[in-house]
$ cat model09.txt   # compact mmCIF, C-alpha atoms
# COMPACT_ATOMS: atom_id res chain seq x y z
CA ASP J 1 49.31 82.79 96.56
CA ALA J 2 50.38 86.41 96.16
CA LYS J 3 54.01 87.24 95.49
CA THR J 4 56.09 89.20 98.00
CA THR J 5 59.02 91.58 97.61
CA GLN J 6 61.60 92.09 100.34
CA PRO J 7 64.94 93.89 100.49
CA THR J 8 67.85 91.53 100.00
CA SER J 9 69.64 92.56 103.17
CA MET J 10 69.42 94.89 106.16
CA ASP J 11 71.61 95.81 109.09
CA CYS J 12 70.62 96.68 112.63
CA ALA J 13 72.49 97.62 115.79
CA GLU J 14 72.05 95.39 118.79
CA GLY J 15 69.37 96.70 121.15
CA ARG J 16 67.69 98.79 118.46
CA ALA J 17 64.44 97.96 116.71
CA ALA J 18 64.69 96.09 113.43
CA ASN J 19 61.98 97.00 110.93
CA LEU J 20 61.72 94.59 108.01
CA PRO J 21 59.41 95.67 105.17
CA CYS J 22 57.50 93.47 102.76
CA ASN J 23 55.43 94.40 99.72
CA HIS J 24 52.52 92.18 98.70
CA SER J 25 50.51 94.42 96.40
CA THR J 26 48.55 91.53 94.80
CA ILE J 27 47.31 90.10 98.07
CA SER J 28 43.68 89.07 98.05
CA GLY J 29 41.10 89.46 100.77
CA ASN J 30 41.39 86.01 102.31
CA GLU J 31 45.17 85.75 102.26
CA TYR J 32 47.26 85.98 105.40
CA VAL J 33 50.72 87.46 105.83
CA TYR J 34 53.18 85.12 107.55
CA TRP J 35 56.72 85.71 108.73
CA TYR J 36 59.28 82.98 109.27
CA ARG J 37 62.98 83.17 109.88
CA GLN J 38 65.85 80.78 109.29
CA ILE J 39 69.00 80.92 111.36
CA HIS J 40 71.99 79.52 109.54
CA SER J 41 70.54 76.40 107.84
CA GLN J 42 68.39 75.44 110.81
CA GLY J 43 64.75 74.68 110.14
CA PRO J 44 62.64 77.79 109.51
CA GLN J 45 60.95 79.18 112.59
CA TYR J 46 57.49 80.71 112.68
CA ILE J 47 57.42 84.28 113.97
CA ILE J 48 53.97 85.80 113.51
CA HIS J 49 51.07 86.13 111.10
CA GLY J 50 48.12 88.43 110.48
CA LEU J 51 45.20 89.11 108.19
CA LYS J 52 44.48 92.83 108.48
CA ASN J 53 44.93 93.88 112.08
CA ASN J 54 48.27 94.57 113.65
CA GLU J 55 49.56 91.66 115.70
CA THR J 56 52.05 91.30 118.52
CA ASN J 57 53.53 88.31 120.27
CA GLU J 58 56.55 87.63 122.44
CA MET J 59 58.88 87.63 119.45
CA ALA J 60 57.72 90.50 117.26
CA SER J 61 55.04 92.87 116.03
CA LEU J 62 53.43 92.83 112.62
CA ILE J 63 52.09 96.04 111.13
CA ILE J 64 49.86 95.65 108.06
CA THR J 65 48.86 98.73 106.09
CA GLU J 66 45.20 99.53 105.74
CA ASP J 67 45.16 98.57 102.06
CA ARG J 68 47.05 95.37 103.00
CA LYS J 69 49.53 95.87 100.18
CA SER J 70 52.52 95.96 102.49
CA SER J 71 53.56 95.02 105.98
CA THR J 72 56.44 95.51 108.41
CA LEU J 73 57.87 93.04 110.86
CA ILE J 74 59.28 94.73 113.95
CA LEU J 75 61.79 93.12 116.28
CA PRO J 76 61.67 95.64 119.13
CA HIS J 77 65.11 95.03 120.66
CA ALA J 78 67.28 93.10 118.24
CA THR J 79 69.97 90.81 119.60
CA LEU J 80 72.85 89.06 117.87
CA ARG J 81 70.77 85.87 117.91
CA ASP J 82 68.23 87.57 115.65
CA THR J 83 70.71 87.49 112.77
CA ALA J 84 68.89 85.33 110.23
CA VAL J 85 67.06 85.25 106.90
CA TYR J 86 63.52 86.58 107.34
CA TYR J 87 60.82 85.40 104.98
CA CYS J 88 57.56 87.21 104.34
CA ILE J 89 54.95 84.81 102.91
CA VAL J 90 51.41 85.35 101.75
CA ARG J 91 49.09 82.39 101.67
CA GLY J 92 45.44 81.55 101.61
CA GLY J 93 43.59 79.26 103.93
CA GLY J 94 42.46 75.74 103.30
CA THR J 95 43.77 72.39 104.35
CA SER J 96 47.13 72.84 102.61
CA TYR J 97 48.03 75.72 104.88
CA GLY J 98 51.58 74.46 105.14
CA LYS J 99 52.22 74.72 101.43
CA LEU J 100 54.30 77.87 101.68
CA THR J 101 56.07 79.70 98.89
CA PHE J 102 59.36 81.01 100.24
CA GLY J 103 61.07 83.80 98.35
CA GLN J 104 64.65 84.90 98.82
CA GLY J 105 63.90 86.68 102.07
CA THR J 106 65.83 89.46 103.82
CA ILE J 107 69.19 88.72 105.39
CA LEU J 108 69.15 90.63 108.67
CA THR J 109 72.52 91.16 110.29
CA VAL J 110 72.54 92.47 113.84
CA HIS J 111 75.79 94.20 114.79
CA PRO J 112 77.21 94.62 118.31
CA ASP C 1 62.95 72.14 119.95
CA SER C 2 60.10 72.16 117.42
CA GLY C 3 58.91 68.66 118.27
CA VAL C 4 59.53 67.48 114.69
CA THR C 5 62.24 64.84 114.43
CA GLN C 6 64.21 64.08 111.30
CA THR C 7 66.76 61.36 110.65
CA PRO C 8 69.46 61.10 109.53
CA LYS C 9 70.95 64.55 110.10
CA HIS C 10 73.66 64.00 107.50
CA LEU C 11 73.90 61.58 104.63
CA ILE C 12 76.59 61.16 102.00
CA THR C 13 75.99 58.91 99.05
CA ALA C 14 76.92 58.40 95.41
CA THR C 15 75.12 59.22 92.20
CA GLY C 16 72.60 56.61 91.16
CA GLN C 17 71.92 55.48 94.70
CA ARG C 18 68.67 55.58 96.69
CA VAL C 19 68.12 57.02 100.16
CA THR C 20 65.25 57.30 102.60
CA LEU C 21 64.72 60.27 104.90
CA ARG C 22 62.50 59.89 107.91
CA CYS C 23 60.30 62.36 109.75
CA SER C 24 58.22 62.14 112.91
CA PRO C 25 55.74 65.01 113.24
CA ARG C 26 54.78 66.75 116.44
CA SER C 27 52.45 64.77 118.65
CA GLY C 28 48.90 65.26 117.47
CA ASP C 29 49.72 66.76 114.07
CA LEU C 30 48.17 64.84 111.18
CA SER C 31 49.90 66.70 108.35
CA VAL C 32 53.49 66.31 107.25
CA TYR C 33 55.14 68.63 104.74
CA TRP C 34 58.43 68.05 102.94
CA TYR C 35 60.62 70.89 101.70
CA GLN C 36 63.90 70.97 99.80
CA GLN C 37 66.46 73.73 100.21
CA SER C 38 69.26 73.93 97.69
CA LEU C 39 71.69 76.76 97.05
CA ASP C 40 70.24 77.69 93.69
CA GLN C 41 66.52 77.03 94.26
CA GLY C 42 65.99 78.17 97.82
CA LEU C 43 63.27 76.59 99.98
CA GLN C 44 60.76 74.69 97.87
CA PHE C 45 57.67 72.78 98.87
CA LEU C 46 57.74 69.16 97.72
CA ILE C 47 54.71 67.32 99.04
CA GLN C 48 52.13 67.15 101.83
CA TYR C 49 50.55 64.15 103.48
CA TYR C 50 47.52 64.32 105.72
CA ASN C 51 46.61 61.33 107.87
CA GLY C 52 48.22 58.90 105.46
CA GLU C 53 46.98 60.41 102.22
CA GLU C 54 48.71 62.67 99.75
CA ARG C 55 47.10 66.11 100.00
CA ALA C 56 49.21 68.50 97.93
CA LYS C 57 52.12 68.27 95.57
CA GLY C 58 54.74 70.83 94.66
CA ASN C 59 57.87 70.65 92.56
CA ILE C 60 58.66 67.07 93.42
CA LEU C 61 60.63 65.04 90.88
CA GLU C 62 59.31 61.70 89.66
CA ARG C 63 62.43 60.08 91.14
CA PHE C 64 61.21 61.19 94.56
CA SER C 65 58.31 59.68 96.45
CA ALA C 66 56.90 59.92 99.93
CA GLN C 67 54.47 58.15 102.19
CA GLN C 68 52.93 58.57 105.60
CA PHE C 69 52.40 55.58 107.82
CA PRO C 70 49.57 54.79 110.27
CA ASP C 71 51.66 56.08 113.18
CA LEU C 72 51.91 59.36 111.19
CA HIS C 73 55.63 59.28 110.61
CA SER C 74 56.65 59.96 107.03
CA GLU C 75 59.43 58.89 104.73
CA LEU C 76 60.81 60.66 101.69
CA ASN C 77 62.44 58.32 99.19
CA LEU C 78 64.96 59.73 96.75
CA SER C 79 66.18 57.42 93.99
CA SER C 80 68.59 57.54 91.04
CA LEU C 81 70.33 60.35 92.85
CA GLU C 82 72.07 63.09 90.92
CA LEU C 83 74.61 65.68 92.02
CA GLY C 84 71.88 68.31 91.90
CA ASP C 85 69.85 66.52 94.55
CA SER C 86 72.38 67.58 97.15
CA ALA C 87 70.37 69.77 99.50
CA LEU C 88 68.82 70.20 102.90
CA TYR C 89 65.52 68.36 103.20
CA PHE C 90 63.12 69.66 105.82
CA CYS C 91 60.03 68.10 107.23
CA ALA C 92 57.35 70.15 108.95
CA SER C 93 54.07 69.62 110.72
CA GLY C 94 51.64 72.16 112.01
CA GLU C 95 48.69 73.66 113.74
CA ALA C 96 45.56 73.44 111.64
CA GLY C 97 43.97 76.28 113.56
CA THR C 98 46.76 78.87 113.33
CA GLY C 99 48.42 77.61 110.18
CA GLU C 100 51.77 77.72 112.00
CA LEU C 101 54.34 75.26 110.73
CA PHE C 102 56.99 73.62 112.89
CA PHE C 103 60.09 72.53 111.03
CA GLY C 104 62.56 69.84 111.90
CA GLU C 105 66.30 70.44 111.85
CA GLY C 106 66.62 68.92 108.42
CA SER C 107 68.55 66.14 106.73
CA ARG C 108 71.58 67.27 104.78
CA LEU C 109 72.08 65.09 101.72
CA THR C 110 75.35 65.17 99.82
CA VAL C 111 75.55 63.28 96.54
CA LEU C 112 79.09 62.67 95.28
$ encode --input "model09.txt" --output "structure tokens"
Amino acid sequence: DAKTTQPTSMDCAEGRAANLPCNHSTISGNEYVYWYRQIHSQGPQYIIHGLKNNETNEMASLIITEDRKSSTLILPHATLRDTAVYYCIVRGGGTSYGKLTFGQGTILTVHP
Amino acid sequence: DSGVTQTPKHLITATGQRVTLRCSPRSGDLSVYWYQQSLDQGLQFLIQYYNGEERAKGNILERFSAQQFPDLHSELNLSSLELGDSALYFCASGEAGTGELFFGEGSRLTVL
């Protein structure tokens, strides 16, 4: 699976959009981009994933560049409860879809 | 609530001992994944079982073993415990179609 690079930490004001970038320049054509988050030692929580089109769900939006070498996770209206470590993961398909390689992630701190 | 249940939540034991961690996947999920999260190594994939059979292996030590039973619950056995085995152990199960993983709340193991 391709390697990802994320900033170590980011800050965001409550109510503003949080934009978390991720570089995955070695991604291959059949690999998906996944985002998970982990709130203070709880189990990681799935947020969203995409292949090449932009995706949106009730939690967030995922913007993938046309060359697929980078992506941005957008939390449209961040709240204090969104403070967490956010992981960007690239993985292929297959039956071992749950074999994820977690990096260090981005620590997002949402301030009042 | 992810639907994945892990027991025990906390466990304190001594070096050289053996412990068993238990996981019940979400109803209908055939795959179970085990992950270890330690301070220095981050979240690491250990092993996957699918419908009772080992499907994928990660950085799992030889002192560790796992199995999945006919009712699909899984157990992770850790033996000859060392101080460095102190960590959070997560179990996950998932959606084969979306590739989304659901994590349990984890078992925190402390080896003294």
$ interface_residues --input "model09.txt" --of "chain J" --to "chain C" --cutoff "6 Å" --atoms "all atoms listed in the file" --output "number ranges by chain"
J: 42-43, 97, 102
$ residues_around --input "model09.txt" --residues "range 50-62 of chain J" --least-positions-apart "3" --cutoff "12 Å" --atoms "all atoms listed in the file" --output "number ranges by chain"
J: 17-22, 27-37, 45-47, 65-79, 82, 88-93; C: 98-100
$ axis_aligned_box --input "model09.txt" --around "range 25-42 of chain J" --padding-each-side "3 Å" --output "AutoDock Vina command-line options"
--center_x 56.5 --center_y 84.9 --center_z 103.1 --size_x 36.9 --size_y 25.0 --size_z 22.6
$ atom_distance --input "model09.txt" --atom1 "CA of Gln36 in chain C" --atom2 "CA of Arg63 in chain C"
14.0 Å
$ residues_around --input "model09.txt" --residues "range 12-28 of chain C" --least-positions-apart "2" --cutoff "7 Å" --atoms "all atoms listed in the file" --output "VMD selection string"
chain C and resid 3 to 8 10 30 32 73 to 83 91 to 93 109 to 112
